file upload.pdb (PDB, C-alpha atoms and all ligand atoms)
ATOM      1  CA  MET A   1     219.043 -32.649 197.550
ATOM      2  CA  ILE A   2     218.439 -35.074 194.698
ATOM      3  CA  LEU A   3     216.860 -32.760 192.077
ATOM      4  CA  LYS A   4     218.946 -29.603 191.694
ATOM      5  CA  ARG A   5     216.280 -28.024 189.433
ATOM      6  CA  LEU A   6     213.922 -28.034 192.442
ATOM      7  CA  GLU A   7     216.127 -25.970 194.746
ATOM      8  CA  ASN A   8     214.245 -23.252 196.653
ATOM      9  CA  ASN A   9     215.136 -20.307 194.396
ATOM     10  CA  GLY A  10     211.593 -18.891 194.101
ATOM     11  CA  ILE A  11     211.516 -19.303 190.312
ATOM     12  CA  PRO A  12     208.211 -20.803 189.087
ATOM     13  CA  GLU A  13     208.150 -23.616 186.545
ATOM     14  CA  LEU A  14     204.807 -22.313 185.214
ATOM     15  CA  LYS A  15     204.071 -19.025 183.500
ATOM     16  CA  LEU A  16     202.010 -17.131 186.106
ATOM     17  CA  ASN A  17     199.526 -14.348 185.430
ATOM     18  CA  GLU A  18     199.365 -11.151 187.481
ATOM     19  CA  LEU A  19     196.931 -12.582 190.064
ATOM     20  CA  GLN A  20     199.003 -15.749 190.469
ATOM     21  CA  LEU A  21     202.174 -13.689 190.954
ATOM     22  CA  LYS A  22     200.355 -11.608 193.598
ATOM     23  CA  MET A  23     199.185 -14.764 195.422
ATOM     24  CA  LYS A  24     202.653 -16.325 195.180
ATOM     25  CA  GLN A  25     204.143 -13.191 196.753
ATOM     26  CA  GLN A  26     201.488 -13.202 199.484
ATOM     27  CA  VAL A  27     202.135 -16.846 200.368
ATOM     28  CA  SER A  28     205.910 -16.350 200.330
ATOM     29  CA  GLU A  29     205.590 -13.419 202.733
ATOM     30  CA  LYS A  30     203.447 -15.506 205.087
ATOM     31  CA  VAL A  31     205.999 -18.332 204.958
ATOM     32  CA  ASP A  32     208.950 -15.989 205.520
ATOM     33  CA  GLY A  33     207.130 -14.060 208.252
ATOM     34  CA  LYS A  34     206.112 -17.301 210.033
ATOM     35  CA  THR A  35     202.391 -16.581 209.645
ATOM     36  CA  TYR A  36     202.352 -19.942 207.914
ATOM     37  CA  LYS A  37     204.056 -22.299 210.336
ATOM     38  CA  PHE A  38     205.535 -25.658 209.366
ATOM     39  CA  GLU A  39     205.939 -28.937 211.233
ATOM     40  CA  GLU A  40     208.277 -31.903 210.730
ATOM     41  CA  VAL A  41     206.488 -35.197 210.202
ATOM     42  CA  ASN A  42     207.611 -38.797 209.848
ATOM     43  CA  CYS A  43     206.669 -41.106 206.993
ATOM     44  CA  ALA A  44     202.890 -41.737 207.020
ATOM     45  CA  ILE A  45     203.333 -45.387 205.974
ATOM     46  CA  CYS A  46     206.151 -46.731 208.182
ATOM     47  CA  ASN A  47     206.658 -43.837 210.663
ATOM     48  CA  SER A  48     210.372 -43.667 209.830
ATOM     49  CA  ALA A  49     212.174 -40.368 210.316
ATOM     50  CA  LYS A  50     214.882 -41.455 207.850
ATOM     51  CA  LYS A  51     214.438 -39.459 204.659
ATOM     52  CA  GLU A  52     216.282 -37.786 201.834
ATOM     53  CA  LEU A  53     215.302 -34.400 200.420
ATOM     54  CA  ILE A  54     214.226 -34.598 196.767
ATOM     55  CA  GLY A  55     213.253 -30.969 196.114
ATOM     56  CA  GLU A  56     212.405 -27.739 197.918
ATOM     57  CA  LYS A  57     209.873 -25.913 195.717
ATOM     58  CA  ASP A  58     206.613 -26.526 193.880
ATOM     59  CA  ARG A  59     205.708 -25.548 190.313
ATOM     60  CA  TYR A  60     204.749 -22.045 191.475
ATOM     61  CA  GLY A  61     208.202 -21.510 192.986
ATOM     62  CA  LEU A  62     206.872 -21.726 196.534
ATOM     63  CA  TYR A  63     208.726 -23.462 199.354
ATOM     64  CA  PHE A  64     207.603 -27.091 199.249
ATOM     65  CA  PRO A  65     210.077 -29.618 200.678
ATOM     66  CA  VAL A  66     209.520 -33.126 199.293
ATOM     67  CA  ASN A  67     211.355 -36.179 200.625
ATOM     68  CA  ILE A  68     211.669 -39.873 199.912
ATOM     69  CA  CYS A  69     211.428 -42.206 202.896
ATOM     70  CA  GLY A  70     214.700 -43.997 203.569
ATOM     71  CA  ASP A  71     212.893 -47.162 204.664
ATOM     72  CA  CYS A  72     209.823 -47.652 202.434
ATOM     73  CA  GLY A  73     210.252 -45.171 199.546
ATOM     74  CA  LEU A  74     207.099 -43.127 200.107
ATOM     75  CA  VAL A  75     207.438 -39.601 198.688
ATOM     76  CA  TYR A  76     206.042 -37.030 201.101
ATOM     77  CA  THR A  77     206.215 -33.423 202.279
ATOM     78  CA  SER A  78     208.120 -32.522 205.436
ATOM     79  CA  PRO A  79     208.206 -30.079 206.977
ATOM     80  CA  ARG A  80     204.627 -29.359 205.964
ATOM     81  CA  MET A  81     202.278 -26.512 206.845
ATOM     82  CA  THR A  82     200.397 -26.864 210.111
ATOM     83  CA  GLN A  83     196.653 -27.519 209.887
ATOM     84  CA  SER A  84     195.819 -23.880 210.651
ATOM     85  CA  ALA A  85     198.239 -22.704 207.949
ATOM     86  CA  TYR A  86     196.683 -25.116 205.425
ATOM     87  CA  ASN A  87     193.208 -23.881 206.386
ATOM     88  CA  GLU A  88     194.145 -20.262 205.726
ATOM     89  CA  PHE A  89     196.056 -21.075 202.534
ATOM     90  CA  TYR A  90     193.164 -23.053 201.014
ATOM     91  CA  ASN A  91     190.595 -20.443 202.109
ATOM     92  CA  ILE A  92     192.490 -17.411 200.831
ATOM     93  CA  GLU A  93     195.193 -18.100 198.238
ATOM     94  CA  TYR A  94     194.869 -21.585 196.787
ATOM     95  CA  ARG A  95     192.095 -21.082 194.220
ATOM     96  CA  LYS A  96     193.530 -17.806 192.914
ATOM     97  CA  LEU A  97     197.021 -19.260 192.743
ATOM     98  CA  TYR A  98     195.946 -22.537 191.143
ATOM     99  CA  ASN A  99     193.468 -21.176 188.567
ATOM    100  CA  GLY A 100     194.677 -17.605 188.181
ATOM    101  CA  VAL A 101     191.144 -16.204 188.541
ATOM    102  CA  GLU A 102     189.361 -14.456 191.431
ATOM    103  CA  ALA A 103     186.569 -17.061 191.679
ATOM    104  CA  ALA A 104     185.869 -20.530 190.320
ATOM    105  CA  ARG A 105     184.300 -20.525 186.850
ATOM    106  CA  ALA A 106     180.853 -22.056 186.225
ATOM    107  CA  VAL A 107     182.435 -25.055 184.491
ATOM    108  CA  PHE A 108     184.150 -25.896 187.794
ATOM    109  CA  PHE A 109     180.776 -26.562 189.397
TER     110      PHE A 109
HETATM  111 ZN    ZN A 201     208.357 -44.969 205.083
END
call {"tool": "encode", "arguments": {"input": "upload.pdb", "output": "structure tokens", "more": "lines below"}}
Ligand SMILES: [Zn+2]
result
Amino acid sequence: MILKRLENNGIPELKLNELQLKMKQQVSEKVDGKTYKFEEVNCAICNSAKKELIGEKDRYGLYFPVNICGDCGLVYTSPRMTQSAYNEFYNIEYRKLYNGVEAARAVFF
């Protein structure tokens, strides 16, 4: 792994409020329990499978493996959540995790 500070240690880079910590825990449990399944993908630009792992977590401390393509240099996620996992994540946890509030504020609209 290229960036040691992005190892998958569960530690967030952001200061999270109580709701965000709850959502982070919920997502982590779904990842660990295989409710959220992942799939390996090749580079979307050149279809190469040759890659090097850059980091394993996102700013919330969630598992998020990011790679650089060994042939064209595209930075991309693999393995990534399956479409059904992404659907559930964005319907249930994303907004609360990202904004730290139960519902989008009026200014969002
Ligand atoms: Zn590529």
call {"tool": "closest_atom_pairs", "arguments": {"input": "upload.pdb", "of": "chain A", "to": "ligand ZN 201 (chain A)", "cutoff": "12 Å", "atoms": "all atoms listed in the file", "output": "Markdown table"}}
result
| residue | atom | partner | partner_atom | distance |
| --- | --- | --- | --- | --- |
| A:Val41 | CA | A:ZN201 | ZN | 11.2 |
| A:Asn42 | CA | A:ZN201 | ZN | 7.8 |
| A:Cys43 | CA | A:ZN201 | ZN | 4.6 |
| A:Ala44 | CA | A:ZN201 | ZN | 6.6 |
| A:Ile45 | CA | A:ZN201 | ZN | 5.1 |
| A:Cys46 | CA | A:ZN201 | ZN | 4.2 |
| A:Asn47 | CA | A:ZN201 | ZN | 5.9 |
| A:Ser48 | CA | A:ZN201 | ZN | 5.3 |
| A:Ala49 | CA | A:ZN201 | ZN | 7.9 |
| A:Lys50 | CA | A:ZN201 | ZN | 7.9 |
| A:Lys51 | CA | A:ZN201 | ZN | 8.2 |
| A:Glu52 | CA | A:ZN201 | ZN | 11.2 |
| A:Asn67 | CA | A:ZN201 | ZN | 10.3 |
| A:Ile68 | CA | A:ZN201 | ZN | 8.0 |
| A:Cys69 | CA | A:ZN201 | ZN | 4.7 |
| A:Gly70 | CA | A:ZN201 | ZN | 6.6 |
| A:Asp71 | CA | A:ZN201 | ZN | 5.1 |
| A:Cys72 | CA | A:ZN201 | ZN | 4.0 |
| A:Gly73 | CA | A:ZN201 | ZN | 5.9 |
| A:Leu74 | CA | A:ZN201 | ZN | 5.5 |
| A:Val75 | CA | A:ZN201 | ZN | 8.4 |
| A:Tyr76 | CA | A:ZN201 | ZN | 9.2 |
call {"tool": "residues_around", "arguments": {"input": "upload.pdb", "residues": "Val27 in chain A", "least_positions_apart": "4", "cutoff": "9 Å", "atoms": "only C-alpha atoms", "output": "compact mmCIF listing (two decimals) with C-alpha atoms, in the frame of the given file"}}
result
# COMPACT_ATOMS: atom_id res chain seq x y z
CA LYS A 22 200.36 -11.61 193.60
CA MET A 23 199.18 -14.76 195.42
CA VAL A 31 206.00 -18.33 204.96
CA ASP A 32 208.95 -15.99 205.52
CA TYR A 36 202.35 -19.94 207.91
CA LEU A 62 206.87 -21.73 196.53
CA PHE A 89 196.06 -21.08 202.53
CA GLU A 93 195.19 -18.10 198.24
call {"tool": "closest_atom_pairs", "arguments": {"input": "upload.pdb", "of": "range 3-78 of chain A", "to": "range 96-106 of chain A", "cutoff": "10 Å", "atoms": "only C-alpha atoms", "output": "JSON lines"}}
result
{"residue": "A:Leu16", "atom": "CA", "partner": "A:Gly100", "partner_atom": "CA", "distance": 7.6}
{"residue": "A:Asn17", "atom": "CA", "partner": "A:Gly100", "partner_atom": "CA", "distance": 6.5}
{"residue": "A:Glu18", "atom": "CA", "partner": "A:Gly100", "partner_atom": "CA", "distance": 8.0}
{"residue": "A:Leu19", "atom": "CA", "partner": "A:Gly100", "partner_atom": "CA", "distance": 5.8}
{"residue": "A:Gln20", "atom": "CA", "partner": "A:Leu97", "partner_atom": "CA", "distance": 4.6}
{"residue": "A:Leu21", "atom": "CA", "partner": "A:Leu97", "partner_atom": "CA", "distance": 7.8}
{"residue": "A:Lys22", "atom": "CA", "partner": "A:Leu97", "partner_atom": "CA", "distance": 8.4}
{"residue": "A:Met23", "atom": "CA", "partner": "A:Leu97", "partner_atom": "CA", "distance": 5.7}
{"residue": "A:Lys24", "atom": "CA", "partner": "A:Leu97", "partner_atom": "CA", "distance": 6.8}
{"residue": "A:Val27", "atom": "CA", "partner": "A:Leu97", "partner_atom": "CA", "distance": 9.5}
{"residue": "A:Tyr60", "atom": "CA", "partner": "A:Leu97", "partner_atom": "CA", "distance": 8.3}
call {"tool": "axis_aligned_box", "arguments": {"input": "upload.pdb", "around": "range 13-21 of chain A", "padding_each_side": "5 Å", "output": "lines of an AutoDock Vina configuration file"}}
result
center_x = 202.5
center_y = -17.4
center_z = 187.2
size_x = 21.2
size_y = 22.5
size_z = 17.5
call {"tool": "residues_near_point", "arguments": {"input": "upload.pdb", "point": "(207.2, -26.9, 196.1)", "cutoff": "10 Å", "atoms": "all atoms listed in the file", "output": "JSON, numbers by chain"}}
result
{"A": [6, 7, 8, 10, 12, 55, 56, 57, 58, 59, 60, 61, 62, 63, 64, 65, 66, 77]}
call {"tool": "atom_distance", "arguments": {"input": "upload.pdb", "atom1": "CA of Gly33 in chain A", "atom2": "CA of Ala85 in chain A"}}
result
12.4 Å
call {"tool": "resolve_selection", "arguments": {"input": "upload.pdb", "expression": "the PyMOL selection byres (((chain A and resi 1) around 6) and not hetatm)", "output": "JSON, numbers by chain"}}
result
{"A": [2, 3, 53, 54]}
call {"tool": "closest_residue", "arguments": {"input": "upload.pdb", "among": "A:Phe38, A:Phe108, A:Arg95, A:Ile11", "to": "Thr82 in chain A", "atoms": "all atoms listed in the file"}}
result
A:Phe38
call {"tool": "closest_residue", "arguments": {"input": "upload.pdb", "among": "A:Tyr94, A:Arg5, A:Glu29, A:Glu40", "to": "Met81 in chain A", "atoms": "all atoms listed in the file"}}
result
A:Glu40
call {"tool": "atom_distance", "arguments": {"input": "upload.pdb", "atom1": "CA of Glu88 in chain A", "atom2": "CA of Lys37 in chain A"}}
result
11.1 Å
